[in-house]
Amino acid sequence: MIKAENVSVKYLMTYDRIQSMKEYLVQLVKGKIQYEEFWALRDVSFEVRKGEVLGIIGHNGAGKSTLLKVISGILKPTTGSVQVNGTIVPMLELGSGFDFDLTGRENVFLNGAILGYSEQFLKGKYKEIAEFSELGQFIDVPLRNYSSGMVMRLAFSIATVVQPDILIVDEILAVGDAAFQEKSKKRMLELMGGGTTVLFVSHSLSQIREMCSKAIWLDHGEMVMAGTTAQICDAYAH
């Protein structure tokens, strides 16, 4: 379902304290802006077959989120290639397509359209989305009045209403309160059990052990190890 070959991502970082676009352009013309190369990923290669759940572990800054964005098509690799077969639902920045002046109900249709669902499909699934989110009467309140947890619950409910071929998940199980976390975890397990291929990033080794069939370990943008979940988690823990 997914084949990544020698994927590298390079950023150009500038450490000049520039306060405005005008100052940036002036310094650029003068040739005074200095860049430093930063490699977020270097030569990362792996394959994921249909129905597999791949865990991705590593410390903050290891390149996990960058890798997920490349596979989702949000970022283009500097070098290397990614081949993806099937429909993807990337649950990376939940709620990033929301309009906070619109109600929860209106955002179901807006965010659903951004994810590629038709209006007819969303009308058929609306009740299921609303009930899963547990927002009750708040579904008709503008999102600017929501807590961050309520926004996440709505976003999760929209994103998981279909069964995609590939699901990309970045620390998603920290959504809402303990009861909703348990419910969202159960929903994730249902998707995984239904043949969906999953890429799953989590700082919780217990979650990786419970939910993943294999894993990769990233450190400073490079792959340290790839193998079974037990092998990788045991090595990482030590």
# chains A, B, ... in the order shown; residues from 1 in each chain; ligands from 1
>>> closest_atom_pairs(of="segment 145-199 of chain A", to="segment 95-116 of chain A", cutoff="7 Å", atoms="only C-alpha atoms", output="Markdown table")
| residue | atom | partner | partner_atom | distance |
| --- | --- | --- | --- | --- |
| A:Val151 | CA | A:Gly95 | CA | 6.7 |
| A:Met152 | CA | A:Gly95 | CA | 6.7 |
| A:Ala155 | CA | A:Gly95 | CA | 5.3 |
| A:Ile158 | CA | A:Gly112 | CA | 6.6 |
>>> write_last_selection(atoms="N, CA and C atoms", output="compact mmCIF listing (two decimals), in the first residue's frame")
# COMPACT_ATOMS: atom_id res chain seq x y z
N VAL A 151 -13.49 20.76 19.79
CA VAL A 151 -13.08 20.86 18.38
C VAL A 151 -12.45 19.54 17.93
N MET A 152 -11.58 18.97 18.78
CA MET A 152 -10.92 17.71 18.44
C MET A 152 -11.93 16.58 18.29
N ALA A 155 -13.69 16.96 14.96
CA ALA A 155 -12.77 16.64 13.86
C ALA A 155 -12.55 15.13 13.76
N ILE A 158 -15.61 13.38 12.23
CA ILE A 158 -15.72 13.54 10.77
C ILE A 158 -14.69 12.66 10.06
>>> select_by_dssp(residues="segment 9-233 of chain A", states="helix (DSSP H, G or I)", output="CSV table (one decimal) with C-alpha atoms, in the first residue's frame")
chain,number,residue,atom,x,y,z
A,21,MET,CA,9.0,41.4,5.0
A,22,LYS,CA,10.5,44.7,4.0
A,23,GLU,CA,13.6,44.1,6.1
A,24,TYR,CA,13.9,40.6,4.7
A,25,LEU,CA,13.8,41.8,1.1
A,26,VAL,CA,16.4,44.5,1.9
A,27,GLN,CA,18.8,42.0,3.5
A,28,LEU,CA,18.1,39.5,0.7
A,29,VAL,CA,19.1,42.1,-2.0
A,30,LYS,CA,22.2,42.9,0.0
A,64,LYS,CA,8.0,11.5,12.6
A,65,SER,CA,5.5,14.2,11.7
A,66,THR,CA,7.5,15.2,8.6
A,67,LEU,CA,7.4,11.6,7.4
A,68,LEU,CA,3.6,11.5,7.8
A,69,LYS,CA,3.2,14.8,5.9
A,70,VAL,CA,5.3,13.4,3.0
A,71,ILE,CA,3.2,10.2,2.8
A,72,SER,CA,0.0,12.3,3.0
A,104,GLY,CA,-20.4,22.5,14.3
A,105,ARG,CA,-23.1,21.4,11.9
A,106,GLU,CA,-21.8,23.7,9.1
A,107,ASN,CA,-18.3,22.6,9.7
A,108,VAL,CA,-19.2,18.9,9.3
A,109,PHE,CA,-20.1,19.7,5.7
A,110,LEU,CA,-17.1,22.1,5.2
A,111,ASN,CA,-14.5,19.8,6.7
A,112,GLY,CA,-16.1,16.8,5.1
A,113,ALA,CA,-15.9,18.5,1.6
A,114,ILE,CA,-12.2,19.3,2.3
A,119,GLU,CA,-22.7,16.5,0.3
A,120,GLN,CA,-25.0,13.6,-0.2
A,121,PHE,CA,-22.7,11.2,1.6
A,122,LEU,CA,-22.3,13.7,4.5
A,123,LYS,CA,-26.1,14.2,4.8
A,124,GLY,CA,-26.4,10.4,5.1
A,125,LYS,CA,-23.7,10.2,7.8
A,126,TYR,CA,-24.5,13.5,9.6
A,127,LYS,CA,-26.5,11.9,12.4
A,128,GLU,CA,-23.7,9.3,13.1
A,129,ILE,CA,-21.0,12.1,13.2
A,130,ALA,CA,-23.1,14.2,15.5
A,131,GLU,CA,-23.9,11.4,17.9
A,132,PHE,CA,-20.2,10.1,18.0
A,133,SER,CA,-19.0,13.6,18.8
A,136,GLY,CA,-25.4,17.6,21.8
A,137,GLN,CA,-26.9,21.0,21.3
A,138,PHE,CA,-23.4,22.6,20.9
A,139,ILE,CA,-23.5,21.2,17.3
A,140,ASP,CA,-25.4,24.3,16.4
A,143,LEU,CA,-16.8,26.8,16.9
A,144,ARG,CA,-15.3,30.0,18.5
A,145,ASN,CA,-17.3,29.0,21.6
A,148,SER,CA,-10.1,22.7,22.2
A,149,GLY,CA,-11.3,19.3,23.3
A,150,MET,CA,-14.7,19.8,21.6
A,151,VAL,CA,-13.1,20.9,18.4
A,152,MET,CA,-10.9,17.7,18.4
A,153,ARG,CA,-13.9,15.5,19.1
A,154,LEU,CA,-15.8,16.9,16.1
A,155,ALA,CA,-12.8,16.6,13.9
A,156,PHE,CA,-12.2,13.0,14.9
A,157,SER,CA,-15.8,12.2,14.3
A,158,ILE,CA,-15.7,13.5,10.8
A,159,ALA,CA,-12.3,12.0,9.9
A,172,ILE,CA,-4.8,11.1,17.9
A,173,LEU,CA,-5.8,9.2,21.0
A,174,ALA,CA,-5.3,12.2,23.2
A,178,ALA,CA,-10.9,9.7,29.3
A,179,ALA,CA,-14.3,8.2,28.2
A,180,PHE,CA,-14.0,9.8,24.7
A,181,GLN,CA,-10.4,8.6,24.4
A,182,GLU,CA,-11.5,5.1,25.1
A,183,LYS,CA,-14.3,5.4,22.5
A,184,SER,CA,-11.9,6.9,19.9
A,185,LYS,CA,-9.4,4.1,20.6
A,186,LYS,CA,-12.2,1.5,20.1
A,187,ARG,CA,-13.1,3.3,16.8
A,188,MET,CA,-9.5,3.1,15.7
A,189,LEU,CA,-9.3,-0.6,16.5
A,190,GLU,CA,-12.5,-1.1,14.4
A,191,LEU,CA,-10.9,0.6,11.4
A,192,MET,CA,-7.7,-1.5,11.9
A,193,GLY,CA,-9.7,-4.7,12.1
A,205,LEU,CA,5.1,2.5,23.8
A,206,SER,CA,2.2,0.7,25.4
A,207,GLN,CA,-0.2,2.0,22.6
A,208,ILE,CA,2.4,1.1,19.9
A,209,ARG,CA,2.7,-2.4,21.4
A,210,GLU,CA,-1.1,-2.9,21.6
A,211,MET,CA,-2.1,-1.5,18.2
A,229,THR,CA,6.7,-4.1,17.3
A,230,ALA,CA,8.3,-6.0,20.2
A,231,GLN,CA,11.9,-5.8,18.7
A,232,ILE,CA,11.6,-2.0,18.1
A,233,CYS,CA,9.9,-1.1,21.4
>>> residues_around(residues="segment 6-8 of chain A", least_positions_apart="5", cutoff="10 Å", atoms="only C-alpha atoms", output="count of residues only")
21
>>> residues_around(residues="Gly55 of chain A", least_positions_apart="3", cutoff="9 Å", atoms="only C-alpha atoms", output="PyMOL selection string")
chain A and resi 198-202+208-209+211-217+229
>>> write_last_selection(atoms="N, CA and C atoms", output="mmCIF file, in the first residue's frame")
data_model
loop_
_atom_site.group_PDB
_atom_site.id
_atom_site.type_symbol
_atom_site.label_atom_id
_atom_site.label_comp_id
_atom_site.auth_asym_id
_atom_site.auth_seq_id
_atom_site.Cartn_x
_atom_site.Cartn_y
_atom_site.Cartn_z
ATOM 1 N N VAL A 198 -2.682 1.286 8.458
ATOM 2 C CA VAL A 198 -2.537 2.422 9.381
ATOM 3 C C VAL A 198 -1.065 2.741 9.636
ATOM 4 N N LEU A 199 -0.746 4.049 9.595
ATOM 5 C CA LEU A 199 0.535 4.551 10.092
ATOM 6 C C LEU A 199 0.234 5.324 11.365
ATOM 7 N N PHE A 200 0.904 4.945 12.443
ATOM 8 C CA PHE A 200 0.513 5.428 13.763
ATOM 9 C C PHE A 200 1.728 5.952 14.523
ATOM 10 N N VAL A 201 1.721 7.246 14.837
ATOM 11 C CA VAL A 201 2.768 7.851 15.663
ATOM 12 C C VAL A 201 2.241 8.039 17.070
ATOM 13 N N SER A 202 3.016 7.602 18.045
ATOM 14 C CA SER A 202 2.624 7.831 19.436
ATOM 15 C C SER A 202 3.875 7.838 20.306
ATOM 16 N N ILE A 208 1.697 1.638 21.101
ATOM 17 C CA ILE A 208 2.356 1.057 19.923
ATOM 18 C C ILE A 208 2.340 -0.476 20.026
ATOM 19 N N ARG A 209 2.676 -0.994 21.205
ATOM 20 C CA ARG A 209 2.691 -2.449 21.397
ATOM 21 C C ARG A 209 1.302 -3.050 21.182
ATOM 22 N N MET A 211 -1.330 -1.777 19.460
ATOM 23 C CA MET A 211 -2.059 -1.514 18.225
ATOM 24 C C MET A 211 -1.288 -1.808 16.937
ATOM 25 N N CYS A 212 0.039 -1.965 17.007
ATOM 26 C CA CYS A 212 0.835 -2.067 15.778
ATOM 27 C C CYS A 212 1.379 -3.470 15.535
ATOM 28 N N SER A 213 1.452 -3.829 14.258
ATOM 29 C CA SER A 213 1.996 -5.134 13.889
ATOM 30 C C SER A 213 3.502 -5.063 13.641
ATOM 31 N N LYS A 214 3.991 -3.863 13.242
ATOM 32 C CA LYS A 214 5.441 -3.669 13.113
ATOM 33 C C LYS A 214 5.742 -2.201 13.364
ATOM 34 N N ALA A 215 7.032 -1.850 13.429
ATOM 35 C CA ALA A 215 7.384 -0.475 13.798
ATOM 36 C C ALA A 215 8.708 -0.068 13.181
ATOM 37 N N ILE A 216 8.890 1.256 13.085
ATOM 38 C CA ILE A 216 10.193 1.814 12.724
ATOM 39 C C ILE A 216 10.578 2.856 13.775
ATOM 40 N N TRP A 217 11.877 3.015 13.964
ATOM 41 C CA TRP A 217 12.410 3.940 14.963
ATOM 42 C C TRP A 217 13.222 5.005 14.230
ATOM 43 N N THR A 229 7.041 -5.056 16.254
ATOM 44 C CA THR A 229 6.750 -4.078 17.311
ATOM 45 C C THR A 229 7.551 -4.374 18.572
#
